[in-house]
file start_25.tsv (TSV, C-alpha atoms and all ligand atoms)
chain	number	residue	atom	x	y	z
A	1	MET	CA	9.24	-11.26	15.24
A	2	PHE	CA	6.21	-13.40	16.07
A	3	ASN	CA	6.02	-11.87	19.52
A	4	LEU	CA	6.42	-8.31	18.25
A	5	ARG	CA	3.02	-7.55	16.76
A	6	SER	CA	1.42	-4.82	18.84
A	7	ILE	CA	-0.31	-2.00	16.98
A	8	GLN	CA	-0.92	1.31	18.74
A	9	ILE	CA	-3.03	3.86	16.95
A	10	TYR	CA	-2.93	7.50	18.02
A	11	LEU	CA	-5.88	9.55	16.85
A	12	THR	CA	-5.40	12.47	19.19
A	13	ASN	CA	-4.12	14.67	16.40
A	14	GLN	CA	-6.90	14.12	13.85
A	15	THR	CA	-5.03	15.86	11.05
A	16	ALA	CA	-2.14	13.42	11.19
A	17	PRO	CA	-3.12	10.17	12.91
A	18	THR	CA	-0.12	7.96	13.56
A	19	VAL	CA	0.51	4.32	14.41
A	20	TRP	CA	3.40	2.56	16.10
A	21	VAL	CA	3.29	-0.89	14.55
A	22	GLN	CA	5.71	-3.63	15.53
A	23	SER	CA	7.53	-5.49	12.77
A	24	GLY	CA	6.01	-8.89	13.44
A	25	ALA	CA	2.45	-7.74	12.76
A	26	THR	CA	0.97	-8.55	9.38
A	27	LEU	CA	-0.53	-6.01	7.01
A	28	GLY	CA	-3.92	-7.64	7.57
A	29	GLU	CA	-3.66	-7.07	11.32
A	30	LEU	CA	-2.68	-3.45	10.73
A	31	TYR	CA	-5.54	-2.83	8.27
A	32	TYR	CA	-8.02	-4.43	10.66
A	33	LYS	CA	-6.90	-2.28	13.60
A	34	ILE	CA	-7.11	0.86	11.47
A	35	TRP	CA	-10.58	-0.11	10.25
A	36	GLU	CA	-11.69	-0.62	13.87
A	37	LYS	CA	-10.83	3.04	14.52
A	38	SER	CA	-12.07	4.60	11.29
A	39	GLU	CA	-13.29	3.64	7.84
A	40	ASN	CA	-11.76	6.85	6.50
A	41	LEU	CA	-8.16	6.11	7.38
A	42	ALA	CA	-5.71	3.85	5.63
A	43	PHE	CA	-2.05	2.99	5.28
A	44	PRO	CA	-0.66	2.80	1.73
A	45	ALA	CA	0.74	-0.73	1.34
A	46	CYS	CA	0.16	-4.00	-0.46
A	47	VAL	CA	-3.28	-5.61	-0.68
A	48	CYS	CA	-1.89	-8.96	0.46
A	49	PRO	CA	-2.83	-9.22	4.16
A	50	THR	CA	-0.31	-11.94	5.10
A	51	LEU	CA	2.86	-9.90	4.48
A	52	GLY	CA	4.89	-8.90	7.50
A	53	ILE	CA	5.36	-5.23	8.37
A	54	GLY	CA	9.12	-5.71	8.85
A	55	GLY	CA	9.88	-7.05	5.39
A	56	HIS	CA	7.22	-5.10	3.51
A	57	ILE	CA	8.06	-1.63	4.76
A	58	SER	CA	11.80	-2.20	4.78
A	59	CYS	CA	11.53	-3.14	1.10
A	60	ALA	CA	9.49	0.00	0.26
A	61	GLY	CA	5.94	-1.40	-0.14
A	62	TYR	CA	3.57	-0.47	-2.91
A	63	GLY	CA	-0.15	-1.00	-3.22
A	64	ASN	CA	-3.43	0.41	-4.50
A	65	LEU	CA	-2.99	3.82	-2.86
A	66	LEU	CA	0.34	4.33	-4.60
A	67	ARG	CA	-0.95	6.86	-7.13
A	68	LYS	CA	-2.41	9.10	-4.47
A	69	TYR	CA	-0.18	8.58	-1.44
A	70	GLY	CA	3.06	6.99	-2.63
A	71	LEU	CA	4.85	4.00	-1.18
A	72	SER	CA	4.62	2.72	2.37
A	73	ILE	CA	7.99	4.30	3.14
A	74	ASP	CA	6.72	7.73	2.08
A	75	ASN	CA	4.49	7.51	5.14
A	76	VAL	CA	7.05	6.29	7.70
A	77	VAL	CA	8.04	8.96	10.22
A	78	ASP	CA	10.06	7.08	12.84
A	79	ALA	CA	11.33	3.62	13.73
A	80	LYS	CA	12.97	1.66	16.52
A	81	VAL	CA	15.80	-0.70	15.70
A	82	VAL	CA	18.34	-2.89	17.46
A	83	ASP	CA	21.81	-2.39	16.00
A	84	ALA	CA	24.73	-4.84	15.95
A	85	SER	CA	25.83	-3.64	19.39
A	86	GLY	CA	22.44	-4.40	20.88
A	87	ARG	CA	21.45	-0.76	21.25
A	88	ILE	CA	17.82	0.22	20.75
A	89	LEU	CA	17.70	3.34	18.62
A	90	ASP	CA	14.92	5.57	17.39
A	91	ARG	CA	15.19	7.83	14.35
A	92	GLU	CA	16.97	10.60	16.16
A	93	ALA	CA	19.46	8.23	17.77
A	94	MET	CA	20.15	6.17	14.66
A	95	GLY	CA	20.57	9.17	12.35
A	96	GLU	CA	19.13	9.88	8.94
A	97	ASP	CA	21.45	7.55	6.99
A	98	LEU	CA	20.37	4.43	8.83
A	99	PHE	CA	16.76	5.59	8.87
A	100	TRP	CA	16.96	6.00	5.10
A	101	ALA	CA	18.48	2.53	4.73
A	102	ILE	CA	15.75	0.73	6.67
A	103	ASN	CA	13.12	2.39	4.51
A	104	GLY	CA	13.50	0.60	1.22
A	105	GLY	CA	17.02	-0.73	1.49
A	106	GLY	CA	16.06	-4.12	2.94
A	107	ALA	CA	16.50	-3.58	6.69
A	108	ALA	CA	18.09	-6.97	7.42
A	109	SER	CA	21.45	-5.73	6.13
A	110	PHE	CA	21.54	-2.89	8.63
A	111	ALA	CA	19.63	-3.63	11.82
A	112	VAL	CA	16.64	-5.45	13.27
A	113	VAL	CA	13.61	-3.21	13.10
A	114	LEU	CA	11.41	-3.49	16.17
A	115	SER	CA	8.71	-1.13	15.01
A	116	TYR	CA	7.80	1.61	12.58
A	117	LYS	CA	5.85	4.77	13.25
A	118	ILE	CA	3.62	5.50	10.30
A	119	ASN	CA	1.27	8.25	9.25
A	120	LEU	CA	-2.22	7.28	8.19
A	121	VAL	CA	-3.87	8.85	5.16
A	122	THR	CA	-7.49	9.78	4.64
A	123	ILE	CA	-9.69	7.95	2.19
A	124	PRO	CA	-13.29	8.62	1.14
A	125	ASN	CA	-16.26	6.59	2.26
A	126	PRO	CA	-16.79	3.55	0.06
A	127	VAL	CA	-19.24	4.48	-2.68
A	128	THR	CA	-20.06	0.99	-3.82
A	129	LYS	CA	-20.08	-2.40	-2.19
A	130	THR	CA	-20.98	-5.47	-4.16
A	131	LYS	CA	-21.13	-9.14	-3.41
A	132	THR	CA	-21.07	-11.57	-6.31
A	133	ARG	CA	-22.11	-15.17	-6.02
A	134	GLN	CA	-22.05	-17.78	-8.72
A	135	LYS	CA	-23.08	-21.38	-8.42
A	136	SER	CA	-20.41	-23.69	-9.72
A	137	SER	CA	-21.40	-26.32	-12.21
A	138	THR	CA	-19.34	-29.29	-13.30
A	139	VAL	CA	-21.78	-30.31	-16.02
A	140	VAL	CA	-20.59	-29.19	-19.44
A	141	GLY	CA	-23.23	-29.77	-22.05
A	142	PRO	CA	-24.90	-28.01	-24.95
A	143	GLY	CA	-25.66	-24.40	-24.23
A	144	VAL	CA	-23.56	-24.29	-21.01
A	145	GLU	CA	-20.92	-22.00	-22.48
A	146	GLU	CA	-23.54	-19.56	-23.78
A	147	LYS	CA	-25.28	-19.67	-20.40
A	148	ARG	CA	-22.03	-18.79	-18.62
A	149	LEU	CA	-21.29	-15.99	-21.04
A	150	GLN	CA	-24.77	-14.61	-20.41
A	151	ILE	CA	-24.07	-14.60	-16.65
A	152	VAL	CA	-20.96	-12.51	-17.28
A	153	ARG	CA	-22.86	-10.17	-19.64
A	154	ASP	CA	-25.59	-9.73	-17.03
A	155	LEU	CA	-22.94	-8.97	-14.41
A	156	TYR	CA	-21.33	-6.35	-16.68
A	157	ASP	CA	-24.72	-4.73	-17.33
A	158	TYR	CA	-25.52	-4.69	-13.64
A	159	MET	CA	-22.14	-3.24	-12.68
A	160	ALA	CA	-22.14	-0.52	-15.36
A	161	ALA	CA	-24.13	1.85	-13.18
A	162	PHE	CA	-21.55	1.63	-10.38
A	163	VAL	CA	-18.35	1.95	-12.35
A	164	SER	CA	-16.70	5.31	-12.94
A	165	ASN	CA	-16.78	6.48	-16.54
A	166	ASN	CA	-13.54	8.29	-15.83
A	167	PRO	CA	-11.13	5.62	-14.61
A	168	ARG	CA	-8.23	8.01	-15.09
A	169	LYS	CA	-9.11	9.58	-11.76
A	170	ALA	CA	-9.02	6.24	-9.98
A	171	TYR	CA	-6.63	5.78	-7.07
A	172	LEU	CA	-4.78	2.99	-8.84
A	173	ASN	CA	-3.58	3.69	-12.36
A	174	CYS	CA	-1.24	1.81	-14.60
A	175	ARG	CA	2.09	3.54	-14.31
A	176	ASP	CA	3.28	2.37	-17.69
A	177	VAL	CA	0.96	4.89	-19.34
A	178	GLU	CA	1.57	7.48	-16.70
A	179	ILE	CA	3.71	10.35	-17.85
A	180	GLY	CA	5.47	9.18	-20.93
A	181	SER	CA	9.22	9.17	-21.32
A	182	LYS	CA	11.37	11.61	-19.39
A	183	SER	CA	13.66	13.91	-21.26
A	184	GLU	CA	17.15	14.84	-20.09
A	185	GLY	CA	17.38	17.71	-17.66
A	186	ASN	CA	16.80	18.48	-14.03
A	187	SER	CA	13.94	17.00	-12.08
A	188	VAL	CA	11.98	20.25	-11.95
A	189	ASP	CA	11.99	20.40	-15.76
A	190	ALA	CA	10.94	16.76	-15.95
A	191	TYR	CA	8.11	17.35	-13.48
A	192	ASN	CA	6.84	20.42	-15.32
A	193	GLU	CA	7.00	18.54	-18.59
A	194	ALA	CA	5.10	15.61	-17.14
A	195	LYS	CA	2.55	17.95	-15.61
A	196	ILE	CA	1.29	19.07	-19.03
A	197	TYR	CA	0.20	15.55	-19.77
A	198	GLY	CA	-0.26	14.31	-16.22
A	199	GLU	CA	-2.84	16.86	-15.11
A	200	LYS	CA	-4.95	16.22	-18.17
A	201	TYR	CA	-4.74	12.51	-17.61
A	202	PHE	CA	-5.02	12.26	-13.83
A	203	GLY	CA	-6.75	15.54	-12.92
A	204	ASP	CA	-6.37	16.38	-9.23
A	205	ASN	CA	-4.83	12.99	-8.71
A	206	PHE	CA	-1.59	13.91	-10.51
A	207	ASP	CA	0.43	15.46	-7.66
A	301	LIG	C1	1.79	-12.99	-2.05
A	301	LIG	C2	2.71	-11.80	-2.09
A	301	LIG	C3	2.26	-10.59	-2.60
A	301	LIG	C4	3.08	-9.48	-2.62
A	301	LIG	N1	2.61	-8.29	-3.10
A	301	LIG	C5	3.37	-7.18	-2.99
A	301	LIG	C6	2.86	-5.91	-3.38
A	301	LIG	O1	1.73	-5.79	-3.89
A	301	LIG	N2	3.62	-4.82	-3.18
A	301	LIG	C7	4.89	-4.92	-2.63
A	301	LIG	O2	5.54	-3.89	-2.45
A	301	LIG	N3	5.43	-6.11	-2.32
A	301	LIG	C8	4.69	-7.22	-2.47
A	301	LIG	N4	5.22	-8.44	-2.11
A	301	LIG	C9	6.61	-8.49	-1.68
A	301	LIG	C10	6.72	-8.32	-0.16
A	301	LIG	O3	6.50	-6.96	0.18
A	301	LIG	C11	8.16	-8.72	0.24
A	301	LIG	O4	8.34	-10.07	-0.07
A	301	LIG	C12	8.42	-8.44	1.69
A	301	LIG	O5	9.81	-8.48	1.89
A	301	LIG	C13	7.73	-9.43	2.61
A	301	LIG	O6	8.02	-9.16	3.93
A	301	LIG	P1	7.79	-10.26	5.08
A	301	LIG	O7	8.18	-9.62	6.40
A	301	LIG	O8	6.41	-10.81	4.97
A	301	LIG	O9	8.78	-11.43	4.63
A	301	LIG	P2	10.11	-11.99	5.27
A	301	LIG	O10	10.56	-13.06	4.30
A	301	LIG	O11	9.91	-12.36	6.70
A	301	LIG	O12	11.13	-10.77	5.23
A	301	LIG	C14	11.67	-10.32	4.03
A	301	LIG	C15	13.06	-9.73	4.29
A	301	LIG	O13	12.97	-8.65	5.23
A	301	LIG	C16	13.79	-8.92	6.36
A	301	LIG	N5	13.06	-8.49	7.55
A	301	LIG	C17	11.80	-8.84	7.92
A	301	LIG	N6	11.48	-8.28	9.07
A	301	LIG	C18	12.55	-7.53	9.45
A	301	LIG	C19	12.83	-6.73	10.58
A	301	LIG	N7	11.95	-6.55	11.55
A	301	LIG	N8	14.03	-6.12	10.64
A	301	LIG	C20	14.95	-6.31	9.67
A	301	LIG	N9	14.75	-7.05	8.58
A	301	LIG	C21	13.56	-7.67	8.48
A	301	LIG	C22	14.01	-10.43	6.39
A	301	LIG	O14	15.24	-10.77	7.03
A	301	LIG	C23	14.04	-10.73	4.91
A	301	LIG	O15	15.32	-10.48	4.37
A	301	LIG	C24	4.42	-9.58	-2.12
A	301	LIG	C25	4.88	-10.80	-1.63
A	301	LIG	C26	4.04	-11.90	-1.61
A	301	LIG	C27	4.55	-13.21	-1.06
call {"tool": "encode", "arguments": {"input": "start_25.tsv", "output": "C-alpha cells", "more": "lines below"}}
Ligand SMILES: Cc1cc2nc3c(=O)[nH]c(=O)nc-3n(C[C@H](O)[C@H](O)[C@H](O)COP(=O)(O)OP(=O)(O)OC[C@H]3O[C@@H](n4cnc5c(N)ncnc54)[C@H](O)[C@@H]3O)c2cc1C
result
Amino acid sequence: MFNLRSIQIYLTNQTAPTVWVQSGATLGELYYKIWEKSENLAFPACVCPTLGIGGHISCAGYGNLLRKYGLSIDNVVDAKVVDASGRILDREAMGEDLFWAINGGGAASFAVVLSYKINLVTIPNPVTKTKTRQKSSTVVGPGVEEKRLQIVRDLYDYMAAFVSNNPRKAYLNCRDVEIGSKSEGNSVDAYNEAKIYGEKYFGDNFD
C-alpha cells in the first residue's frame, strides 16, 4: 500500500468535486491536498492524520463532520479493487454487494482496495483562528497553582468572545444526547418522532 498513495482531485464540476485517492495515502495527505485546492472543501473523516485511507474508509470512518455530512462511507461513490482472481474491478464491475462490503465491512475480508472515489463536501470559511502559547514551569512554589489557574481564567475570558453561545448548532455534537430513545415502529415514524426534538435542538443541522 505504501506505493499506492496518489491523490487526484477533480474540481471541474464545482457542485460535486470528487477525488480518486489511493488506499495507501494517509488522511493527513488527503486533507493537505484538498486544502491546497480550496479552504472550503473537506472530506468527512477522522481528525487523526496518520490513519490510512484503506483501513479507515473500509471500516466506515467517523469524524468531526459526522453530524453534518455523515460517515466517510456516505461520501464514497466508486472504488477500484483487486479480487481473489487478480481482476481489477470498479464499482460497476464488482457489483453493489461487494461495493457495500468494502464500505464499512472491513475490506480485507473481501478484496484489496486500490483506491476510493470520494465526494468532497463544502465547509464555511474559518471564523476564528487562535494560537495559544504557555511557558512551561517546573518550579512549584507558593502561589504557583493560583497563578496557573489565573492563566486559564484569562484564557477563558479572552476566548468567550469567539465561542458560539449556541453550541447546539455546532458541526460536532454529542450523539448520546441527540434524539433520545427510539420507539418501536418503522424508520419513517422514528425519524418524524426524532424530528420534533431534533430540529429544536440542532436547528438546520438536524437533517
Ligand atoms: C490514533 C487513532 C485514532 C483513531 N480515530 C478514529 C476516529 O476518530 N474515527 C474512526 O472512525 N476511526 C478511528 N480510528 C480507527 C481507524 O479508523 C481504524 O483503525 C482503521 O482501520 C485504520 O486504518 P489503517 O489503514 O490506518 O490501518 P491498518 O491497520 O493498515 O488497516 C486496518 C484494516 O484494514 C485493512 N486494510 C487496510 N487497507 C486496505 C486495503 N487497501 N484493502 C483492503 N483492506 C485494507 C487491513 O488489512 C486491516 O485489517 C483511529 C485509530 C487510531 C490508531
call {"tool": "closest_residue", "arguments": {"input": "start_25.tsv", "among": "A:Leu11, A:Ala84, A:Ile118, A:Ala160", "to": "A:Ala45", "atoms": "all atoms listed in the file"}}
result
A:Ile118
call {"tool": "atom_distance", "arguments": {"input": "start_25.tsv", "atom1": "atom CA of A:Tyr31", "atom2": "atom CA of A:Met159"}}
result
26.7 Å
call {"tool": "residues_near_ligand", "arguments": {"input": "start_25.tsv", "ligand": "ligand LIG 301 (chain A)", "cutoff": "9 Å", "atoms": "all atoms listed in the file", "output": "PyMOL selection string"}}
result
chain A and resi 1+4+22-27+45-64+71-72+81-82+102+106-115
call {"tool": "residues_around", "arguments": {"input": "start_25.tsv", "residues": "A:Asn119", "least_positions_apart": "3", "cutoff": "8 Å", "atoms": "all atoms listed in the file", "output": "VMD selection string"}}
result
chain A and resid 16 to 19 43 75 to 77
call {"tool": "write_last_selection", "arguments": {"input": "start_25.tsv", "atoms": "C-alpha atoms", "output": "CSV table (one decimal), in the coordinates of the input"}}
result
chain,number,residue,atom,x,y,z
A,16,ALA,CA,-2.1,13.4,11.2
A,17,PRO,CA,-3.1,10.2,12.9
A,18,THR,CA,-0.1,8.0,13.6
A,19,VAL,CA,0.5,4.3,14.4
A,43,PHE,CA,-2.0,3.0,5.3
A,75,ASN,CA,4.5,7.5,5.1
A,76,VAL,CA,7.0,6.3,7.7
A,77,VAL,CA,8.0,9.0,10.2
call {"tool": "closest_residue", "arguments": {"input": "start_25.tsv", "among": "A:Glu199, A:Tyr116, A:Gly105, A:Glu145", "to": "A:Leu89", "atoms": "only C-alpha atoms"}}
result
A:Tyr116
call {"tool": "atom_distance", "arguments": {"input": "start_25.tsv", "atom1": "atom CA of A:Ala93", "atom2": "atom CA of A:Lys117"}}
result
14.8 Å
call {"tool": "closest_residue", "arguments": {"input": "start_25.tsv", "among": "A:Ala194, A:Leu41, A:Met94, A:Leu30", "to": "A:Leu120", "atoms": "all atoms listed in the file"}}
result
A:Leu41
call {"tool": "axis_aligned_box", "arguments": {"input": "start_25.tsv", "around": "stretch 4-23 of chain A", "padding_each_side": "4 Å", "output": "JSON"}}
result
{"center_x": 0.3, "center_y": 3.8, "center_z": 15.1, "size_x": 22.4, "size_y": 32.2, "size_z": 16.1}
call {"tool": "residues_around", "arguments": {"input": "start_25.tsv", "residues": "A:Gly95", "least_positions_apart": "4", "cutoff": "12 Å", "atoms": "all atoms listed in the file", "output": "compact mmCIF listing (two decimals) with C-alpha atoms, in the frame of the given file"}}
result
# COMPACT_ATOMS: atom_id res chain seq x y z
CA ASP A 78 10.06 7.08 12.84
CA ALA A 79 11.33 3.62 13.73
CA LYS A 80 12.97 1.66 16.52
CA VAL A 81 15.80 -0.70 15.70
CA LEU A 89 17.70 3.34 18.62
CA ASP A 90 14.92 5.57 17.39
CA ARG A 91 15.19 7.83 14.35
CA PHE A 99 16.76 5.59 8.87
CA TRP A 100 16.96 6.00 5.10
CA ALA A 101 18.48 2.53 4.73
CA ILE A 102 15.75 0.73 6.67
call {"tool": "atom_distance", "arguments": {"input": "start_25.tsv", "atom1": "atom CA of A:Glu193", "atom2": "atom CA of A:Asp74"}}
result
23.3 Å
